[in-house]
Protein chains: 2
Amino acid sequence: MSSAKSISLLWGAGSPPCWRVMITLQEKKLQGYKHKLLSFEKGEHKSQEVLKINPRGQLPAFKHGDNIVNESTAACLYLEDQFKSQGNKLLPDSPAEQALMYQCMMEGLTLADKLNAVIYYDWIVPEEERHESAVKRNKEALAAELKLWEGYLHNVAAGSYLAGAFSLADVVVFPNIAFAFRFGLSAGCYPKLAKYYSLLKDRPSIKTSWPPHWQASPQGYDILKDL
Amino acid sequence: MSSAKSISLLWGAGSPPCWRVMITLQEKKLQGYKHKLLSFEKGEHKSQEVLKINPRGQLPAFKHGDNIVNESTAACLYLEDQFKSQGNKLLPDSPAEQALMYQCMMEGLTLADKLNAVIYYDWIVPEEERHESAVKRNKEALAAELKLWEGYLHNVAAGSYLAGAFSLADVVVFPNIAFAFRFGLSAGCYPKLAKYYSLLKDRPSIKTSWPPHWQASPQGYDILKDL
C-alpha cells in the first residue's frame, strides 16, 4: 500500500480541508494519486459516490487502500505517520517544536470555524434567524482571532513557519489564511499574516495545489475588507 | 523532562477537554503531575494565572517543562508522542486501526460542537437572538450525529473500542459521551452508546479522573432526555 496508486481523493475547489490533504500528498511525494474534482454548486458532495466513502456528505472523501480518513486533519496526521521517511518530514523532532506544531494545528480549526461563521453566515443561518448583532459579534471574534495569529507569526520575517520548519501546522493553517485573503483581508492591517501568505504561496506543494478557479479568476471578494 | 513532576495542568471539573488530558496522563502513567482545579462559575478560567499559559482564557492550560499545549487533542497527541513507550500505547500499530483512530478522534470534535450547541445554547446565544427553530435544528443535528456514532459502535458488544484497542479516539470521544448521558441522553434510544459508556466508565484512567462534582451529585440534567 505504499504507492500513490492506492490513494484516491474526491475534492472540491477552494475548500481548505481538501487543500490540506492535497498539500500533504505533495509534501510526502505522493504525486500520481487518483483524484476527482467535484462541484459544491452542483451538490456533488452529496452524491452517492461521496456518501459511500464519507457518510457526512462532505469533501474531502479520502481513501488509502481500504482505509478511509475523511477528516482533513486526521488524513494529514495519518499520511505523515504512514509515510514518515518519504518526502518532507512534517512532524518536528524537538519536543518544543512538536508542542507548538500540535497546538497550532488544532488552533487552526478554531480559526477555520471563525472564518466560516463570517464568510458563510447567510448560508448557515436561515433568513428569519439572522441578526446584525450576531454578524457584528462574529466579525469581532474573527478579528480578535486573526490578531492572535499575528502574534504567533512574530518570527515570520526571519523566514520562520508556525513551528520552526514547515510542518503539519502550516499544512492545516495556510489554506485558512489564503482563504481569508481571498475574501478580502487587508494586508495592511495584518502584516504578519500577509508576510506568511507571501512566504508560502509559491512553495511547490502549495502552488501546485492552488484552487483552480482562484487561478482562473484572481479577483476575490471583499467580505473581510474592513476587518 | 521525562517525569510527571515537570507537568502542570490547570483544569475545570466536568470539562470534556480537561478530562481528555487527565485520562491521557493516567494512561501514560504520569500520575503525580501538578494540577489545580479552577472554577468556571467564579470565572477563574479568565484569571491571570490561566491567561499567562493560555491566552484564550480557556481550560485546560497545560505545560510540560516549558512546552505549552492547551488544545486538548493536541496535548493528547503530544503526550503520546513524548511518552511512546511509557504506560499504555494509545496509537495503534496497524494502518487500518490508525486510520480509524485519527478519523474518530477528529470526528469527536464535531460531536462535541453539536453537544455544546444544544446544552449551552442559552449561554452562547444572547436572549434577543434566540429562536425556537434554531433550538429544534440544533437538536435534530445532534440526534443525527449521535445516530452516526451508534453505527460506529456496532462492535461494542464484543468489547471493542472505537478503533480496536483503547486509543486516543476513546480518550477524545468518551468524555463527550459521558457528558451526553450526564445531560440526560436516553440509554434506551442509544443502546450502543450506553454500552460503550458502561464499558469505559470503570476503566481506571477514567474512574480516577471522573469529574468530582458528578461523583458528589450523581443526579444529572434532563436537557437531552427527549433526543
# chains A, B, ... in the order shown; residues from 1 in each chain; ligands from 1
$ closest_atom_pairs --of "chain B" --to "chain A" --cutoff "7 Å" --atoms "only C-alpha atoms" --output "tab-separated table"
residue	atom	partner	partner_atom	distance
B:Asn67	CA	A:Ala96	CA	5.6
B:Ile68	CA	A:Ala99	CA	6.6
B:Val69	CA	A:Gln103	CA	5.5
B:Asn70	CA	A:Gln103	CA	6.8
B:Glu71	CA	A:Gln103	CA	5.9
B:Ala74	CA	A:Tyr102	CA	4.8
B:Tyr78	CA	A:Ala99	CA	6.2
B:Ala96	CA	A:Asn67	CA	5.6
B:Ala99	CA	A:Val69	CA	5.9
B:Tyr102	CA	A:Ala74	CA	4.8
B:Gln103	CA	A:Ala74	CA	5.4
B:Met106	CA	A:Ala74	CA	6.2
B:Glu107	CA	A:Glu71	CA	7.0
B:Glu129	CA	A:His131	CA	6.8
B:His131	CA	A:Glu129	CA	6.8
$ write_last_selection --atoms "N, CA and C atoms" --output "compact mmCIF listing (two decimals), in the first residue's frame"
# COMPACT_ATOMS: atom_id res chain seq x y z
N ASN B 67 7.10 23.67 27.52
CA ASN B 67 6.23 23.48 26.36
C ASN B 67 4.77 23.59 26.76
N ILE B 68 4.08 24.49 26.08
CA ILE B 68 2.67 24.74 26.38
C ILE B 68 1.81 24.13 25.28
N VAL B 69 0.83 23.32 25.69
CA VAL B 69 -0.10 22.73 24.71
C VAL B 69 -1.49 22.78 25.34
N ASN B 70 -2.28 23.76 24.95
CA ASN B 70 -3.58 23.96 25.59
C ASN B 70 -4.74 23.29 24.88
N GLU B 71 -4.64 23.11 23.59
CA GLU B 71 -5.72 22.43 22.86
C GLU B 71 -5.70 20.97 23.30
N ALA B 74 -4.48 18.28 20.92
CA ALA B 74 -3.05 18.49 20.70
C ALA B 74 -2.24 17.97 21.88
N TYR B 78 0.53 15.06 21.74
CA TYR B 78 1.88 15.39 22.21
C TYR B 78 2.33 14.40 23.28
N ALA B 96 -4.81 0.23 9.34
CA ALA B 96 -6.28 0.29 9.33
C ALA B 96 -6.82 0.88 10.64
N ALA B 99 -5.91 4.61 10.89
CA ALA B 99 -6.81 5.44 10.09
C ALA B 99 -8.10 5.71 10.86
N TYR B 102 -7.49 8.12 13.97
CA TYR B 102 -7.40 9.55 13.65
C TYR B 102 -8.77 10.08 13.21
N GLN B 103 -9.46 9.30 12.41
CA GLN B 103 -10.77 9.73 11.92
C GLN B 103 -11.75 9.96 13.07
N MET B 106 -10.89 13.00 15.36
CA MET B 106 -11.25 14.32 14.83
C MET B 106 -12.77 14.48 14.70
N GLU B 107 -13.46 13.40 14.37
CA GLU B 107 -14.93 13.50 14.34
C GLU B 107 -15.48 13.75 15.74
N GLU B 129 -31.49 37.05 20.41
CA GLU B 129 -31.17 36.36 19.15
C GLU B 129 -31.61 34.89 19.16
N HIS B 131 -33.96 31.59 18.89
CA HIS B 131 -35.10 31.17 18.08
C HIS B 131 -35.42 29.71 18.37
$ select_by_dssp --residues "range 38-189 of chain A" --states "alpha helix (DSSP H)" --output "PyMOL selection string"
chain A and resi 48-51+72-82+95-119+121-124+132-152+168-182
$ atom_distance --atom1 "CA of Ala180 in chain B" --atom2 "CA of Ala163 in chain B"
20.7 Å
$ residues_around --residues "Arg20 in chain B" --least-positions-apart "3" --cutoff "9 Å" --atoms "only C-alpha atoms" --output "NGL selection string"
:B and (15-17 or 23-25 or 72-73 or 75-76 or 168 or 171-175)
$ closest_residue --among "A:Phe83, A:Trp210, A:Trp123, A:Tyr196" --to "Gly12 in chain A" --atoms "only C-alpha atoms"
A:Trp210
$ select_by_dssp --residues "range 27-214 of chain B" --states "strand (DSSP E or B)" --output "PyMOL selection string"
chain B and resi 34-38+61-64+67-68+161+164
$ residues_around --residues "Pro218 in chain A" --least-positions-apart "6" --cutoff "12 Å" --atoms "only C-alpha atoms" --output "PDB file with N, CA, C and O atoms, in the first residue's frame"
ATOM      1  N   PHE A 181      -7.437  35.949   2.784  1.00  0.00           N
ATOM      2  CA  PHE A 181      -7.032  36.984   1.824  1.00  0.00           C
ATOM      3  C   PHE A 181      -7.898  36.932   0.568  1.00  0.00           C
ATOM      4  O   PHE A 181      -8.242  37.973   0.004  1.00  0.00           O
ATOM      5  N   ARG A 182      -8.275  35.742   0.143  1.00  0.00           N
ATOM      6  CA  ARG A 182      -9.191  35.619  -0.995  1.00  0.00           C
ATOM      7  C   ARG A 182     -10.497  36.365  -0.727  1.00  0.00           C
ATOM      8  O   ARG A 182     -11.126  36.901  -1.632  1.00  0.00           O
ATOM      9  N   PHE A 183     -10.913  36.380   0.540  1.00  0.00           N
ATOM     10  CA  PHE A 183     -12.165  37.043   0.892  1.00  0.00           C
ATOM     11  C   PHE A 183     -11.944  38.467   1.389  1.00  0.00           C
ATOM     12  O   PHE A 183     -12.779  39.034   2.062  1.00  0.00           O
ATOM     13  N   GLY A 184     -10.779  39.019   1.051  1.00  0.00           N
ATOM     14  CA  GLY A 184     -10.606  40.457   1.194  1.00  0.00           C
ATOM     15  C   GLY A 184      -9.837  40.961   2.396  1.00  0.00           C
ATOM     16  O   GLY A 184      -9.798  42.173   2.631  1.00  0.00           O
ATOM     17  N   TRP A 210      -2.944  24.895  -5.782  1.00  0.00           N
ATOM     18  CA  TRP A 210      -3.719  26.142  -5.680  1.00  0.00           C
ATOM     19  C   TRP A 210      -5.110  25.943  -6.302  1.00  0.00           C
ATOM     20  O   TRP A 210      -5.223  25.337  -7.374  1.00  0.00           O
ATOM     21  N   PRO A 211      -6.173  26.407  -5.658  1.00  0.00           N
ATOM     22  CA  PRO A 211      -7.528  26.198  -6.199  1.00  0.00           C
ATOM     23  C   PRO A 211      -7.640  26.690  -7.650  1.00  0.00           C
ATOM     24  O   PRO A 211      -7.364  27.863  -7.916  1.00  0.00           O
ATOM     25  N   PRO A 212      -8.027  25.808  -8.556  1.00  0.00           N
ATOM     26  CA  PRO A 212      -8.029  26.164  -9.983  1.00  0.00           C
ATOM     27  C   PRO A 212      -8.858  27.402 -10.321  1.00  0.00           C
ATOM     28  O   PRO A 212      -8.427  28.206 -11.135  1.00  0.00           O
TER      29      PRO A 212
END
$ atom_distance --atom1 "CA of Lys195 in chain B" --atom2 "CA of Ala216 in chain B"
23.4 Å
